[in-house]
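Asks: So that we are looking at the same thing, I have put the structure below in structure tokens.
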Amino acid sequence: MPDRRQPDSPTDDNPFAAPPEGRPDQPWQPRSGGGGGNGEEDPGDSDGRRGPARWDPTDPIQRRARYALLAGMWGFFFGIFGIPSVGLLLGALALYWGISALRGKPAAATGEPGAPTGLDALGPAARPQRTAAVSGLVTASLAILLAMSSYGLQLAYKDFYVCRDDALTQSAELQCNTLLPNNVLGDVLKVRQ
């Protein structure tokens, strides 16, 4: 309703609001992250950058951490959707990229013997990259586990799969159920009528 006005509060810092009555307009200035709006650097900003650390695609550590996350995630999906060969390949790649991201040296490594290496050398930018690399390792492990269990199941019940694939009639296919064990896994794999 246009006739209702909200009370002015001293904490209201809407940049689009009109200035209070009696105060002249001021030109727009970008907000600083806590420097008080006077253009000074924040005390915690030692390298002059503001905000969270950005992804640098030229840095091999950050690139491998992201590749590990993506490859592990897609490997897991391929393992769930029944394409274990692609899941195994992507899982192996994600393991390699994740481990190399966690152990690698940054692009601008210093030659000092006591200098941190790997993701620790990135400082505050290491946290999202470490999270991506560890998540890639976890999803890669799950993708490899799914692929290996799928291959193990096919190897353990090879006679059943060969019998089922060679069956020419429905009754011959139902006879293949005798090759399965009498447990939950056998009940899942059974040929239904």
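Going by the structure tokens order, chains are called A, B, ..., each with residues numbered from 1, while ligands are numbered from 1 in the order shown.
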Show which residues sit within 10 Å of Gly91 in chain A, as a PyMOL selection string. Count only C-alpha atoms, and ignore same-chain residues fewer than 5 positions away.

Replies: chain A and resi 68-76+78-79+84-86+96-97+136-147

Asks: How about saving the chosen residues, C-alpha atoms kept, as a PDB file, in the first residue's frame?

Replies:
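The resulting file, result-v7.pdb, is shown below:
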```pdb
ATOM      1  CA  ALA A  68      38.176 -36.067 -10.235  1.00  0.00           C
ATOM      2  CA  LEU A  69      34.794 -34.886  -8.989  1.00  0.00           C
ATOM      3  CA  LEU A  70      33.163 -34.975 -12.419  1.00  0.00           C
ATOM      4  CA  ALA A  71      34.680 -38.288 -13.513  1.00  0.00           C
ATOM      5  CA  GLY A  72      33.829 -39.949 -10.203  1.00  0.00           C
ATOM      6  CA  MET A  73      30.264 -38.701 -10.315  1.00  0.00           C
ATOM      7  CA  TRP A  74      29.712 -39.874 -13.893  1.00  0.00           C
ATOM      8  CA  GLY A  75      31.455 -43.162 -13.208  1.00  0.00           C
ATOM      9  CA  PHE A  76      29.071 -43.756 -10.311  1.00  0.00           C
ATOM     10  CA  PHE A  78      27.278 -45.311 -15.256  1.00  0.00           C
ATOM     11  CA  GLY A  79      27.773 -48.023 -12.634  1.00  0.00           C
ATOM     12  CA  PRO A  84      30.148 -51.038 -15.741  1.00  0.00           C
ATOM     13  CA  SER A  85      32.938 -50.723 -18.306  1.00  0.00           C
ATOM     14  CA  VAL A  86      32.505 -46.949 -18.612  1.00  0.00           C
ATOM     15  CA  TYR A  96      44.194 -40.862 -10.513  1.00  0.00           C
ATOM     16  CA  TRP A  97      43.094 -37.224 -10.749  1.00  0.00           C
ATOM     17  CA  GLY A 136      35.948 -37.369  -6.477  1.00  0.00           C
ATOM     18  CA  LEU A 137      37.865 -40.075  -4.612  1.00  0.00           C
ATOM     19  CA  VAL A 138      34.743 -41.213  -2.765  1.00  0.00           C
ATOM     20  CA  THR A 139      32.563 -41.347  -5.882  1.00  0.00           C
ATOM     21  CA  ALA A 140      35.394 -43.017  -7.827  1.00  0.00           C
ATOM     22  CA  SER A 141      35.653 -45.700  -5.151  1.00  0.00           C
ATOM     23  CA  LEU A 142      31.902 -46.269  -5.343  1.00  0.00           C
ATOM     24  CA  ALA A 143      32.018 -46.438  -9.160  1.00  0.00           C
ATOM     25  CA  ILE A 144      34.835 -48.980  -9.073  1.00  0.00           C
ATOM     26  CA  LEU A 145      33.018 -50.976  -6.386  1.00  0.00           C
ATOM     27  CA  LEU A 146      29.841 -51.063  -8.495  1.00  0.00           C
ATOM     28  CA  ALA A 147      31.753 -52.102 -11.618  1.00  0.00           C
TER      29      ALA A 147
END
```

Asks: Show which residues sit within 9 Å of Val191 in chain A, as JSON, numbers by chain. Count only C-alpha atoms, and ignore same-chain residues fewer than 5 positions away.

Replies: {"A": [164, 173, 174, 175, 176, 177]}

Asks: Residues at most 12 Å from Thr131 in chain A, counting only C-alpha atoms, excluding those fewer than 2 positions away in the same chain, as a list in words?

Replies: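 In the requested form, the answer reads Gln62, Ala65, Arg66, Ala68, Leu69, Gly98, Ala101, Leu102, Leu119, Ala125, Ala126, Arg127, Pro128, Gln129, Ala133, Val134, Ser135, Gly136, Leu137 and Val138 of chain A.
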
Asks: Find the residue from A:Pro57, A:Tyr67, A:Leu185, A:Gln170 that sits nearest to Leu95 in chain A; use only C-alpha atoms when measuring.

Replies: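 Once distances to Leu95 in chain A are computed over only C-alpha atoms, the minimum belongs to A:Tyr67.
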
Asks: So, with only C-alpha atoms as the atoms that count, which of A:Ile61, A:Leu93, A:Ile99, A:Ile80 lies closest to Ser149 in chain A?

Replies: A:Ile80
